[in-house]
>>> print(open('protein.txt').read())   # compact mmCIF, C-alpha atoms
# COMPACT_ATOMS: atom_id res chain seq x y z
CA MET A 16 -132.89 30.24 31.97
CA ASN A 17 -129.21 30.43 31.10
CA GLU A 18 -128.03 33.92 32.11
CA ALA A 19 -125.57 34.24 29.20
CA GLY A 20 -127.17 35.79 26.14
CA PHE A 21 -126.71 35.42 22.40
CA PHE A 22 -124.99 38.83 22.45
CA GLU A 23 -122.57 40.42 24.90
CA PRO A 24 -122.76 44.22 25.25
CA ASP A 25 -119.51 46.03 24.40
CA GLY A 26 -120.06 49.78 24.61
CA ASP A 27 -122.63 50.66 21.94
CA ALA A 28 -122.01 47.36 20.16
CA LEU A 29 -123.12 43.76 20.64
CA VAL A 30 -120.71 40.85 20.21
CA PRO A 31 -122.41 37.61 19.08
CA ASP A 32 -121.81 34.45 21.10
CA PRO A 33 -121.20 31.21 19.13
CA SER A 34 -124.77 30.21 20.09
CA ALA A 35 -126.01 33.02 17.78
CA ARG A 36 -124.86 31.00 14.74
CA GLY A 37 -127.69 29.91 12.44
CA PRO A 38 -128.30 26.61 10.63
CA TRP A 39 -127.59 27.80 7.09
CA ALA A 40 -123.83 28.50 7.37
CA GLU A 41 -121.06 28.43 9.98
CA ASP A 42 -120.35 32.16 9.59
CA MET A 43 -123.99 33.27 9.45
CA MET A 44 -126.05 34.56 12.36
CA HIS A 45 -129.53 33.11 12.97
CA GLY A 46 -132.17 35.28 11.28
CA ARG A 47 -134.58 35.02 14.21
CA LEU A 48 -132.10 37.00 16.30
CA LEU A 49 -132.42 39.95 13.93
CA ALA A 50 -136.14 40.08 14.69
CA GLY A 51 -135.33 39.82 18.38
CA LEU A 52 -132.79 42.66 18.18
CA ALA A 53 -135.30 44.91 16.43
CA ALA A 54 -137.87 44.25 19.18
CA TRP A 55 -135.24 44.66 21.91
CA ALA A 56 -133.95 48.03 20.69
CA ILE A 57 -137.31 49.48 19.69
CA ASP A 58 -138.94 48.62 23.01
CA ARG A 59 -135.85 49.71 24.97
CA ASP A 60 -135.82 53.14 23.34
CA HIS A 61 -139.52 53.80 22.75
CA GLY A 62 -141.65 51.23 24.60
CA ASP A 63 -144.59 52.44 26.69
CA ASP A 64 -146.86 50.29 28.87
CA ALA A 65 -149.85 52.30 27.62
CA PHE A 66 -149.26 50.91 24.12
CA VAL A 67 -149.25 47.42 22.54
CA PRO A 68 -146.55 46.62 19.93
CA ALA A 69 -149.27 45.37 17.60
CA ARG A 70 -147.05 44.90 14.56
CA LEU A 71 -143.36 44.32 13.95
CA THR A 72 -142.03 43.96 10.40
CA VAL A 73 -138.44 42.97 9.73
CA ASP A 74 -136.81 42.98 6.29
CA MET A 75 -133.72 40.74 6.22
CA PHE A 76 -131.94 41.74 3.02
CA LYS A 77 -128.35 40.62 3.65
CA SER A 78 -126.93 37.54 5.36
CA PRO A 79 -125.67 38.59 8.81
CA GLY A 80 -122.17 37.44 9.64
CA MET A 81 -120.96 36.52 13.10
CA LYS A 82 -119.57 40.00 13.63
CA GLU A 83 -119.97 43.05 15.85
CA THR A 84 -123.58 44.22 15.73
CA ARG A 85 -125.23 47.59 16.29
CA VAL A 86 -128.91 48.54 16.41
CA SER A 87 -130.18 52.11 16.07
CA THR A 88 -133.78 53.32 16.32
CA ALA A 89 -135.72 56.37 15.17
CA LEU A 90 -139.17 57.57 16.22
CA VAL A 91 -141.25 58.13 13.08
CA ARG A 92 -144.60 59.04 14.62
CA ALA A 93 -145.58 59.78 18.24
CA GLY A 94 -149.36 60.04 18.12
CA GLY A 95 -151.89 59.68 20.89
CA ARG A 96 -153.18 56.35 19.58
CA VAL A 97 -150.59 55.31 16.99
CA ARG A 98 -146.80 55.31 17.28
CA VAL A 99 -144.28 54.11 14.69
CA VAL A 100 -140.61 53.33 15.30
CA ASP A 101 -137.91 52.22 12.86
CA ALA A 102 -134.81 50.18 13.64
CA THR A 103 -131.66 49.59 11.58
CA ILE A 104 -129.42 46.59 12.28
CA GLN A 105 -125.77 46.72 11.24
CA VAL A 106 -123.43 43.73 11.32
CA GLY A 107 -119.76 44.31 10.67
CA GLY A 108 -120.55 47.93 9.78
CA VAL A 109 -123.02 46.94 7.02
CA ASP A 110 -126.81 47.29 7.11
CA VAL A 111 -128.33 43.79 7.08
CA ALA A 112 -131.91 44.36 8.24
CA ARG A 113 -134.46 46.99 9.11
CA GLY A 114 -137.50 46.80 11.32
CA THR A 115 -140.62 48.86 11.91
CA ALA A 116 -142.90 48.60 14.92
CA LEU A 117 -146.46 49.89 15.09
CA TYR A 118 -147.64 50.64 18.63
CA LEU A 119 -151.36 51.06 19.36
CA ARG A 120 -152.81 52.53 22.56
CA ARG A 121 -154.40 50.05 24.95
CA GLY A 122 -158.13 50.37 25.66
CA GLN A 123 -161.04 48.53 27.19
CA ALA A 124 -162.19 45.93 24.69
CA PRO A 125 -165.97 45.82 24.09
CA VAL A 126 -167.95 42.65 24.70
CA ASP A 127 -169.42 41.57 21.35
CA ASP A 128 -170.24 38.52 19.25
CA VAL A 129 -167.59 38.98 16.57
CA PRO A 130 -165.90 35.60 15.81
CA VAL A 131 -162.30 35.20 16.98
CA THR A 132 -159.60 32.54 16.64
CA PRO A 133 -160.35 29.68 19.08
CA ALA A 134 -157.82 28.71 21.73
CA TRP A 135 -155.80 25.50 21.35
CA ASP A 136 -157.25 22.50 23.13
CA ILE A 137 -153.68 21.44 23.88
CA THR A 138 -151.89 21.30 27.24
CA ILE A 139 -148.89 23.59 27.38
CA PRO A 140 -145.67 21.68 28.17
CA THR A 141 -143.49 22.17 31.22
CA PRO A 142 -139.80 23.05 30.80
CA SER A 143 -137.49 20.04 30.70
CA PRO A 144 -134.48 20.50 33.00
CA ASP A 145 -132.82 17.47 31.41
CA ASP A 146 -133.37 18.50 27.79
CA PRO A 147 -130.45 16.81 25.96
CA SER A 148 -130.65 19.08 22.94
CA ASP A 149 -127.89 21.64 22.38
CA MET A 150 -130.39 23.92 20.68
CA PRO A 151 -130.71 27.39 22.28
CA PHE A 152 -134.47 26.93 22.40
CA GLU A 153 -136.71 24.06 23.43
CA VAL A 154 -139.23 22.69 20.91
CA ARG A 155 -142.17 20.42 21.75
CA TRP A 156 -143.90 19.05 18.67
CA LEU A 157 -147.46 17.88 18.74
CA GLU A 158 -147.64 14.27 17.65
CA GLY A 159 -147.80 14.02 13.86
CA ARG A 160 -147.46 17.80 13.45
CA GLU A 161 -143.67 18.14 13.08
CA PHE A 162 -141.52 19.45 10.19
CA GLY A 163 -142.55 17.85 6.91
CA ALA A 164 -145.81 16.47 8.28
CA PRO A 165 -148.80 16.58 5.92
CA GLY A 166 -151.42 19.15 6.77
CA ILE A 167 -151.22 21.45 9.78
CA ARG A 168 -147.96 21.65 11.77
CA GLN A 169 -148.11 22.64 15.44
CA THR A 170 -145.39 23.18 18.03
CA TRP A 171 -144.55 24.90 21.30
CA ILE A 172 -141.28 26.88 21.59
CA ARG A 173 -139.45 28.14 24.67
CA GLU A 174 -136.28 30.24 24.67
CA LYS A 175 -133.46 29.07 26.96
CA HIS A 176 -131.27 32.19 26.80
CA PRO A 177 -131.75 35.94 27.05
CA LEU A 178 -131.13 37.78 23.79
CA VAL A 179 -128.59 40.21 25.28
CA THR A 180 -126.66 39.36 28.44
CA GLY A 181 -127.90 41.49 31.34
CA HIS A 182 -131.20 42.36 29.67
CA PRO A 183 -134.46 40.53 30.43
CA LEU A 184 -136.11 38.44 27.77
CA THR A 185 -139.36 40.41 27.48
CA PRO A 186 -142.65 39.07 26.09
CA PHE A 187 -142.18 41.26 22.97
CA ILE A 188 -138.75 39.74 22.29
CA ARG A 189 -140.13 36.22 22.84
CA ALA A 190 -142.86 36.88 20.29
CA ALA A 191 -140.41 38.36 17.77
CA VAL A 192 -137.90 35.48 17.82
CA ALA A 193 -140.72 32.91 17.76
CA ALA A 194 -142.32 34.61 14.74
CA ASP A 195 -139.31 33.69 12.59
CA PHE A 196 -140.04 30.00 13.19
CA ALA A 197 -143.12 30.38 10.98
CA SER A 198 -140.95 30.03 7.87
CA PRO A 199 -139.42 26.59 8.55
CA LEU A 200 -142.69 25.45 10.10
CA ALA A 201 -144.64 26.21 6.91
CA ASN A 202 -141.95 25.55 4.29
CA SER A 203 -140.27 22.31 5.41
CA SER A 204 -140.87 19.25 3.25
CA THR A 205 -140.18 15.59 3.97
CA GLU A 206 -136.72 16.15 2.42
CA GLY A 207 -135.83 19.26 4.44
CA LEU A 208 -136.03 23.02 4.07
CA GLU A 209 -135.14 24.83 0.83
CA TYR A 210 -136.65 28.27 1.50
CA ILE A 211 -134.95 30.96 3.57
CA ASN A 212 -137.15 33.78 4.77
CA ALA A 213 -136.38 37.33 3.69
CA ASP A 214 -138.82 38.99 6.06
CA LEU A 215 -141.33 38.48 8.81
CA ALA A 216 -144.37 40.40 9.98
CA LEU A 217 -145.52 39.77 13.54
CA TYR A 218 -149.07 40.82 14.44
CA ILE A 219 -150.20 40.58 18.07
CA ALA A 220 -153.30 41.92 19.83
CA ARG A 221 -151.61 41.32 23.18
CA LEU A 222 -148.21 40.32 24.50
CA PRO A 223 -147.67 36.62 25.25
CA ASP A 224 -148.03 35.33 28.80
CA GLY A 225 -145.41 32.88 30.05
CA GLU A 226 -142.34 31.28 28.47
CA TRP A 227 -144.00 29.05 25.87
CA ILE A 228 -145.29 30.25 22.50
CA GLY A 229 -147.26 27.96 20.22
CA LEU A 230 -147.18 28.16 16.43
CA GLU A 231 -149.59 26.59 13.97
CA SER A 232 -149.21 26.62 10.20
CA ALA A 233 -152.31 27.96 8.46
CA ASP A 234 -151.85 29.15 4.85
CA ARG A 235 -149.05 28.84 2.30
CA VAL A 236 -148.69 29.79 -1.37
CA ALA A 237 -145.53 29.01 -3.37
CA ALA A 238 -144.68 29.85 -6.98
CA TYR A 239 -141.55 30.70 -9.02
CA GLY A 240 -139.25 30.08 -6.07
CA VAL A 241 -141.13 32.38 -3.69
CA SER A 242 -143.23 31.23 -0.73
CA VAL A 243 -145.56 33.28 1.45
CA ALA A 244 -146.98 31.73 4.60
CA HIS A 245 -149.23 32.55 7.53
CA CYS A 246 -148.96 30.96 10.98
CA ARG A 247 -151.14 31.49 14.03
CA MET A 248 -149.50 32.14 17.41
CA HIS A 249 -150.71 31.15 20.88
CA ASP A 250 -149.66 31.27 24.52
CA SER A 251 -150.88 29.42 27.60
CA THR A 252 -154.17 31.32 27.70
CA GLY A 253 -155.12 31.48 24.02
CA PRO A 254 -154.30 33.05 20.65
CA ILE A 255 -152.14 36.17 20.58
CA GLY A 256 -151.85 36.89 16.85
CA ALA A 257 -149.97 35.65 13.80
CA SER A 258 -146.71 35.64 11.88
CA GLU A 259 -146.49 36.26 8.13
CA VAL A 260 -143.30 35.32 6.29
CA CYS A 261 -141.97 35.62 2.75
CA ALA A 262 -139.21 33.21 1.71
CA VAL A 263 -137.02 32.56 -1.32
CA LEU A 264 -135.42 29.36 -2.64
CA ASN A 265 -132.09 28.48 -1.09
CA SER A 266 -129.79 25.43 -1.03
CA ARG A 267 -131.69 22.73 0.82
CA MET A 268 -131.17 22.31 4.54
CA ALA A 269 -131.50 18.68 5.57
CA ARG A 270 -134.52 17.83 7.67
CA PRO A 271 -133.50 17.74 11.38
CA GLU A 272 -133.94 14.50 13.29
CA SER A 273 -137.11 14.47 15.43
>>> encode(input="protein.txt", output="structure tokens")
Amino acid sequence: MNEAGFFEPDGDALVPDPSARGPWAEDMMHGRLLAGLAAWAIDRDHGDDAFVPARLTVDMFKSPGMKETRVSTALVRAGGRVRVVDATIQVGGVDVARGTALYLRRGQAPVDDVPVTPAWDITIPTPSPDDPSDMPFEVRWLEGREFGAPGIRQTWIREKHPLVTGHPLTPFIRAAVAADFASPLANSSTEGLEYINADLALYIARLPDGEWIGLESADRVAAYGVSVAHCRMHDSTGPIGASEVCAVLNSRMARPES
């Protein structure tokens, strides 16, 4: 993994690297990094190995510029089984997003016959040291399941960079930044992408194992310029949870070359 992150620490602030730029505009930060920053700060300030970050919601209500960024957190509830933490993300001194994490205490799962999501019957890819793409993450599409494909879309994603230089890319951060990919995965047409997500809700029963996270489109409803979608998430050993996204119409982004 490249040791330089998307953000360089500068006192209590974070300075975005050019690699933090998103696909919608030259002066706009990638929305998935906002989810990653919420997970990074919340777990840094309030994480506990006795708890699972079972849910992370992120509301992205203002386009984030490529400017100095700050993330603050606040403990809302510190219960024995349930903990809740809020995060506020400021870019250029303006609030652009807020996140909330729900931590649940770990326990011994009972053995029962309740149906669960089946694991993918798909071999996880190995990292490509000669990946020619200049993308900050590596994407491996399943054949016939790429952007704009009819029916179910499936892909594996692996981050190439840490989020913040000098800070490890934890499983929680990996899950958070991957969860944002549910929007383009579900909303891309054969012509490109014309929905930009305004939120995401990550649900995980356990943290992902390994570098690769798989996403699979499941459900989508669109009406009046609003789309809501559900995507399942996997790792090398099986399903971990799901990502829910809500998106609004935006000027179309051309479909990337496969």
>>> residues_around(input="protein.txt", residues="region 85-102 of chain A", least_positions_apart="3", cutoff="10 Å", atoms="all atoms listed in the file", output="PyMOL selection string")
chain A and resi 24+27-30+49+52-62+65-68+70-73+82+105-110+112-122
>>> atom_distance(input="protein.txt", atom1="CA of Leu217 (chain A)", atom2="CA of Asp127 (chain A)")
25.2 Å
>>> atom_distance(input="protein.txt", atom1="CA of Phe152 (chain A)", atom2="CA of Pro165 (chain A)")
24.2 Å
>>> atom_distance(input="protein.txt", atom1="CA of Cys246 (chain A)", atom2="CA of Ser203 (chain A)")
13.5 Å
>>> residues_around(input="protein.txt", residues="Ala213 (chain A)", least_positions_apart="2", cutoff="7 Å", atoms="only C-alpha atoms", output="JSON, numbers by chain")
{"A": [74, 75, 76, 211, 261, 262, 263]}
>>> residues_around(input="protein.txt", residues="Ser242 (chain A)", least_positions_apart="4", cutoff="12 Å", atoms="only C-alpha atoms", output="PyMOL selection string")
chain A and resi 197-199+201-203+208-214+234-238+259-265
>>> closest_residue(input="protein.txt", among="A:Glu226, A:Asp25, A:Val131, A:Leu215", to="Val243 (chain A)", atoms="all atoms listed in the file")
A:Leu215
>>> closest_residue(input="protein.txt", among="A:Val111, A:Val126, A:Met150, A:Leu222", to="Pro38 (chain A)", atoms="only C-alpha atoms")
A:Met150
>>> closest_residue(input="protein.txt", among="A:Glu23, A:Glu174, A:Glu231, A:Asp149", to="Glu161 (chain A)", atoms="only C-alpha atoms")
A:Glu231
>>> residues_around(input="protein.txt", residues="Ala134 (chain A)", least_positions_apart="5", cutoff="12 Å", atoms="only C-alpha atoms", output="compact mmCIF listing (two decimals) with C-alpha atoms, in the frame of the given file")
# COMPACT_ATOMS: atom_id res chain seq x y z
CA ILE A 139 -148.89 23.59 27.38
CA GLY A 229 -147.26 27.96 20.22
CA LEU A 230 -147.18 28.16 16.43
CA GLU A 231 -149.59 26.59 13.97
CA ARG A 247 -151.14 31.49 14.03
CA MET A 248 -149.50 32.14 17.41
CA HIS A 249 -150.71 31.15 20.88
CA ASP A 250 -149.66 31.27 24.52
CA SER A 251 -150.88 29.42 27.60
CA THR A 252 -154.17 31.32 27.70
CA GLY A 253 -155.12 31.48 24.02
CA PRO A 254 -154.30 33.05 20.65
CA ILE A 255 -152.14 36.17 20.58
CA GLY A 256 -151.85 36.89 16.85
>>> closest_residue(input="protein.txt", among="A:Pro140, A:Gly225, A:Pro33, A:Pro133", to="Leu184 (chain A)", atoms="all atoms listed in the file")
A:Gly225
>>> residues_near_point(input="protein.txt", point="(-134.0, 27.0, 22.5)", cutoff="8 Å", atoms="only C-alpha atoms", output="VMD selection string")
chain A and resid 150 to 154 172 to 176
>>> residues_around(input="protein.txt", residues="Glu18 (chain A)", least_positions_apart="6", cutoff="8 Å", atoms="only C-alpha atoms", output="compact mmCIF listing (two decimals) with C-alpha atoms, in the coordinates of the input")
# COMPACT_ATOMS: atom_id res chain seq x y z
CA HIS A 176 -131.27 32.19 26.80
CA PRO A 177 -131.75 35.94 27.05
CA THR A 180 -126.66 39.36 28.44
CA GLY A 181 -127.90 41.49 31.34
>>> axis_aligned_box(input="protein.txt", around="region 156-175 of chain A", padding_each_side="6 Å", output="AutoDock Vina command-line options")
--center_x -142.4 --center_y 22.1 --center_z 16.4 --size_x 30.0 --size_y 28.2 --size_z 33.0
>>> decode(input="protein.txt", residues="region 51-128 of chain A", atoms="C-alpha atoms", output="short mmCIF file (atom, residue, chain, number, x, y, z; two decimals), in the first residue's frame")
data_model
loop_
_atom_site.label_atom_id
_atom_site.label_comp_id
_atom_site.auth_asym_id
_atom_site.auth_seq_id
_atom_site.Cartn_x
_atom_site.Cartn_y
_atom_site.Cartn_z
CA GLY A 51 -14.02 7.27 5.74
CA LEU A 52 -13.24 10.37 7.83
CA ALA A 53 -16.33 9.80 9.97
CA ALA A 54 -15.27 6.20 10.64
CA TRP A 55 -11.65 7.25 11.24
CA ALA A 56 -12.46 9.94 13.81
CA ILE A 57 -15.25 8.07 15.58
CA ASP A 58 -13.18 4.92 16.02
CA ARG A 59 -10.07 6.92 16.95
CA ASP A 60 -11.89 8.78 19.72
CA HIS A 61 -14.41 6.19 20.94
CA GLY A 62 -13.61 2.76 19.47
CA ASP A 63 -13.54 -0.25 21.78
CA ASP A 64 -12.59 -3.82 20.82
CA ALA A 65 -15.47 -5.09 22.97
CA PHE A 66 -17.93 -3.42 20.58
CA VAL A 67 -18.79 -3.79 16.87
CA PRO A 68 -19.47 -0.60 14.84
CA ALA A 69 -22.69 -2.18 13.58
CA ARG A 70 -24.02 0.92 11.84
CA LEU A 71 -22.55 4.08 10.38
CA THR A 72 -24.80 6.71 8.79
CA VAL A 73 -23.36 9.69 6.95
CA ASP A 74 -25.41 12.63 5.67
CA MET A 75 -23.56 14.51 2.92
CA PHE A 76 -25.46 17.77 2.61
CA LYS A 77 -22.91 20.11 1.00
CA SER A 78 -20.32 19.53 -1.71
CA PRO A 79 -16.90 19.32 -0.02
CA GLY A 80 -14.22 21.47 -1.59
CA MET A 81 -10.54 20.59 -1.75
CA LYS A 82 -9.84 22.59 1.38
CA GLU A 83 -8.60 22.20 4.94
CA THR A 84 -10.73 19.63 6.75
CA ARG A 85 -11.57 19.06 10.41
CA VAL A 86 -13.51 16.26 12.08
CA SER A 87 -14.94 16.48 15.59
CA THR A 88 -16.77 13.77 17.54
CA ALA A 89 -19.16 13.65 20.48
CA LEU A 90 -20.24 10.68 22.60
CA VAL A 91 -24.04 10.59 22.68
CA ARG A 92 -24.61 7.39 24.64
CA ALA A 93 -22.16 5.14 26.53
CA GLY A 94 -24.27 2.14 27.52
CA GLY A 95 -23.21 -1.35 28.46
CA ARG A 96 -24.53 -2.86 25.24
CA VAL A 97 -25.22 0.15 23.01
CA ARG A 98 -23.01 3.15 22.32
CA VAL A 99 -23.72 6.06 19.97
CA VAL A 100 -21.19 8.57 18.66
CA ASP A 101 -21.69 11.59 16.39
CA ALA A 102 -19.15 13.17 14.06
CA THR A 103 -19.16 16.54 12.29
CA ILE A 104 -17.00 17.12 9.22
CA GLN A 105 -15.99 20.67 8.30
CA VAL A 106 -14.31 21.63 5.04
CA GLY A 107 -13.02 25.16 4.66
CA GLY A 108 -14.67 26.06 7.97
CA VAL A 109 -18.15 24.97 6.78
CA ASP A 110 -20.10 21.89 7.91
CA VAL A 111 -20.44 19.55 4.92
CA ALA A 112 -21.40 16.22 6.51
CA ARG A 113 -22.35 14.54 9.74
CA GLY A 114 -22.05 10.94 10.79
CA THR A 115 -23.46 8.72 13.52
CA ALA A 116 -22.06 5.37 14.58
CA LEU A 117 -23.94 2.74 16.56
CA TYR A 118 -21.68 0.36 18.48
CA LEU A 119 -23.06 -2.92 19.84
CA ARG A 120 -21.31 -5.14 22.39
CA ARG A 121 -19.79 -8.34 21.05
CA GLY A 122 -21.18 -11.66 22.30
CA GLN A 123 -21.15 -15.36 21.59
CA ALA A 124 -23.51 -15.98 18.69
CA PRO A 125 -25.97 -18.87 19.20
CA VAL A 126 -26.06 -21.80 16.79
CA ASP A 127 -29.50 -21.80 15.15
CA ASP A 128 -31.29 -22.48 11.87
#
